[in-house]
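Structure first, then comments.
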Amino acid sequence: MIKYHPADDLLYAHAAGSLPASMSIAVAAHSEMCEACAKKLALFENQIADEAFGLAEASETPLDSDNLLTAADNDEFAGMLTAIMNDEQMPSTPISPSPKSDIDVAGERYTLPTALRRYHHLGWSSVGALSRARLPLNEGDTRASLLHIGMNGGVPSHTHKGTEVTLLLSGHFEDEHDSYVPGDFIILDSSDHHTPQTHDGCLCYTVADAPLHFTKGVSQLLNAVGHVIY
Ligand SMILES: [Zn+2]
């Protein structure tokens with residue numbers, strides 16, 4: 001069962017469309033896997049729509065006889081609306097996600113959540129049991145990646161100089177704090193030190209805004225690992 005969820009303010013910001021793409025993907029993908037957050041998201045979306053409508057109403061100047069549209073204007077407006085609604089140019093079917101949503105990494109096949117489906121063609125770099133594919137989002141120091149850890153693999157003990165969001169998409173991993181299941185949405189900052197390990201292998205979506213800082217081990221090897229992960 002999923003234990004770790006995005007906070008309400010993140011869900012709200014996603015519903016309002018105010019998150020950067022990297023975080024928006026994390027929240028959307030989690031909500032695909034989590035019924036509770038999908039419900040909250042729908043509530044926030046309705047709330048935001050209501051608020052937008054309320055503001056639009058409040059800003060309208062009250063109508064008096066001088067401001068009233070003439071019957072002709074009304075007809076024209078209604079005609080325009082009908083034309084828009086009937087416009088043959090409008091897409092009549094919803095845009096369907098790419099049918100190719102599976103990715104193959106390190107001999108395993110995974111199906112990506114809808115929020116990530118357009119990124120099934122990424123190039124992977126690997127070191128040891130770790131493979132990473134970066135999403136082409138161009139958000140400066142913030143980097144979004146798919147991270148795969150092969151069976152019985154792990155990430156050496158580290159902290160984060162900045163913030164790291166991990167959404168577990170498939171498989172399981174555990175660290176000093178807990179063990180995680182698909183859908184878990186984990187936020188760590190520089191005060192968190194951890195050593196993730198997986199038995200069955202796992203695929204994660206990660207968003208990090210700074211390189212990892214390794215707390216133990218041989219720095220040259222770890223720098224290579226850090227380069228792959230961040
Ligand atoms: Zn949730």
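Just remember, in the structure tokens the first chain shown is A, the second B, etc., residues are 1-based per chain, and ligands are 1-based in the order shown.
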Given a cut-off of 7 Å, what residues near ligand 1 show up using only C-alpha atoms and all ligand atoms, put as a VMD selection string? chain A and resid 4 to 6 30 to 31 34 to 37
Just checking: using only C-alpha atoms, which residue out of A:Ser190, A:Asp104, A:Pro136, A:Gly123 ends up closest to Leu203 of chain A?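 Under the stated criterion, the closest residue is A:Asp104.
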Kindly indicate which residue among A:His14, A:Ala26, A:Ile103, A:Asp141 lies nearest to Phe44 of chain A, using only C-alpha atoms for the distances. A:His14
Name the residues of segment 104-226 of chain A that come out as strand (DSSP E) in a backbone DSSP run; write them as a PyMOL selection string. chain A and resi 104-105+108-111+125-127+130-134+143-149+158-160+164-171+173-174+179-180+185-188+193-194+202-208+212-214
Report, in Å to a single decimal, how far apart atom CA of Gly171 of chain A and atom CA of Met33 of chain A are.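 Atom-to-atom, atom CA of Met33 of chain A to atom CA of Gly171 of chain A, that is 13.5 Å.
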To one decimal place in Å, what is the distance between atom CA of Ala144 of chain A and atom CA of Ser170 of chain A?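 If I compute the distance from atom CA of Ala144 of chain A to atom CA of Ser170 of chain A, I get 16.9 Å.
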Polymer residues at most 7 Å from Pro156 of chain A, only C-alpha atoms, same-chain spacing of 2 or more positions, as a list in words: Gly154, His158 and Thr195 of chain A
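Closest to Lys39 of chain A among A:Gly54, A:Ala129, A:Tyr12, A:Glu108 is A:Tyr12, based on only C-alpha atoms.
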Neighbour list for Val155 of chain A as a CSV table (one decimal) with N, CA and C atoms, in the first residue's frame, cut-off 8 Å, only C-alpha atoms, skip fewer than 6 positions in-chain:
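File part.csv, as written:
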```csv
chain,number,residue,atom,x,y,z
A,130,LEU,N,23.2,0.4,-12.0
A,130,LEU,CA,22.4,1.6,-12.2
A,130,LEU,C,22.3,2.1,-13.6
A,195,THR,N,20.7,5.1,2.0
A,195,THR,CA,21.4,4.0,1.2
A,195,THR,C,20.3,3.1,0.6
A,196,PRO,N,19.7,3.5,-0.6
A,196,PRO,CA,18.7,2.7,-1.1
A,196,PRO,C,19.2,1.4,-1.7
A,197,GLN,N,18.5,0.3,-1.4
A,197,GLN,CA,18.8,-1.0,-1.9
A,197,GLN,C,17.6,-1.7,-2.5
```
Using only C-alpha atoms, can you tell me which of A:Asp200, A:Glu174, A:Ala15, A:Ile25 comes closest to Leu137 of chain A?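 Smallest distance to Leu137 of chain A is found for A:Ile25.
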Compile the contact shell of Thr163 of chain A as a ChimeraX atom specification: residues with an atom at most 9 Å away, counting only C-alpha atoms, same-chain residues fewer than 4 positions apart removed. /A:187-190,207-210
Produce a file of the selected residues containing C-alpha atoms, as a PDB file, in the first residue's frame.
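Result written to out_35.pdb:
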```pdb
ATOM      1  CA  ILE A 187      10.860  13.850  -0.948  1.00  0.00           C
ATOM      2  CA  LEU A 188      14.326  14.066   0.589  1.00  0.00           C
ATOM      3  CA  ASP A 189      16.487  17.066   1.352  1.00  0.00           C
ATOM      4  CA  SER A 190      20.055  17.631   2.554  1.00  0.00           C
ATOM      5  CA  VAL A 207      13.687  15.006  -9.877  1.00  0.00           C
ATOM      6  CA  ALA A 208      16.848  16.432  -8.319  1.00  0.00           C
ATOM      7  CA  ASP A 209      18.070  20.006  -8.182  1.00  0.00           C
ATOM      8  CA  ALA A 210      21.661  19.338  -7.078  1.00  0.00           C
TER       9      ALA A 210
END
```
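Distance check against Asp8 of chain A using only C-alpha atoms: of A:Ala133, A:Val27, A:Ile149, A:Ile48, the minimum falls on A:Val27.
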Would you mind reading off the distance between atom CA of Gln47 of chain A and atom CA of Ala16 of chain A, one decimal, in Å?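 Spanning atom CA of Gln47 of chain A to atom CA of Ala16 of chain A is a straight-line distance of 9.8 Å.
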For Leu168 of chain A: contacts at 9 Å, only C-alpha atoms, fewer than 5 positions along chain excluded, given as an mmCIF file with C-alpha atoms, in the first residue's frame:
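The resulting file, part34.cif, is reproduced below:
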```
data_model
loop_
_atom_site.group_PDB
_atom_site.id
_atom_site.type_symbol
_atom_site.label_atom_id
_atom_site.label_comp_id
_atom_site.auth_asym_id
_atom_site.auth_seq_id
_atom_site.Cartn_x
_atom_site.Cartn_y
_atom_site.Cartn_z
ATOM 1 C CA HIS A 30 1.618 9.432 -8.713
ATOM 2 C CA PHE A 173 13.451 -0.618 -2.690
ATOM 3 C CA TYR A 180 8.771 1.404 -0.574
ATOM 4 C CA VAL A 181 6.136 0.153 -3.029
ATOM 5 C CA PRO A 182 5.136 1.382 -6.505
ATOM 6 C CA GLY A 183 3.448 4.780 -6.242
ATOM 7 C CA ASP A 184 5.398 5.947 -3.184
ATOM 8 C CA PHE A 185 6.312 9.625 -3.624
ATOM 9 C CA ILE A 186 9.371 10.393 -1.517
ATOM 10 C CA CYS A 202 13.156 -1.079 -9.482
ATOM 11 C CA LEU A 203 12.323 1.748 -11.840
ATOM 12 C CA CYS A 204 11.932 5.274 -10.414
ATOM 13 C CA TYR A 205 11.209 8.720 -11.734
ATOM 14 C CA THR A 206 13.464 11.225 -9.991
#
```
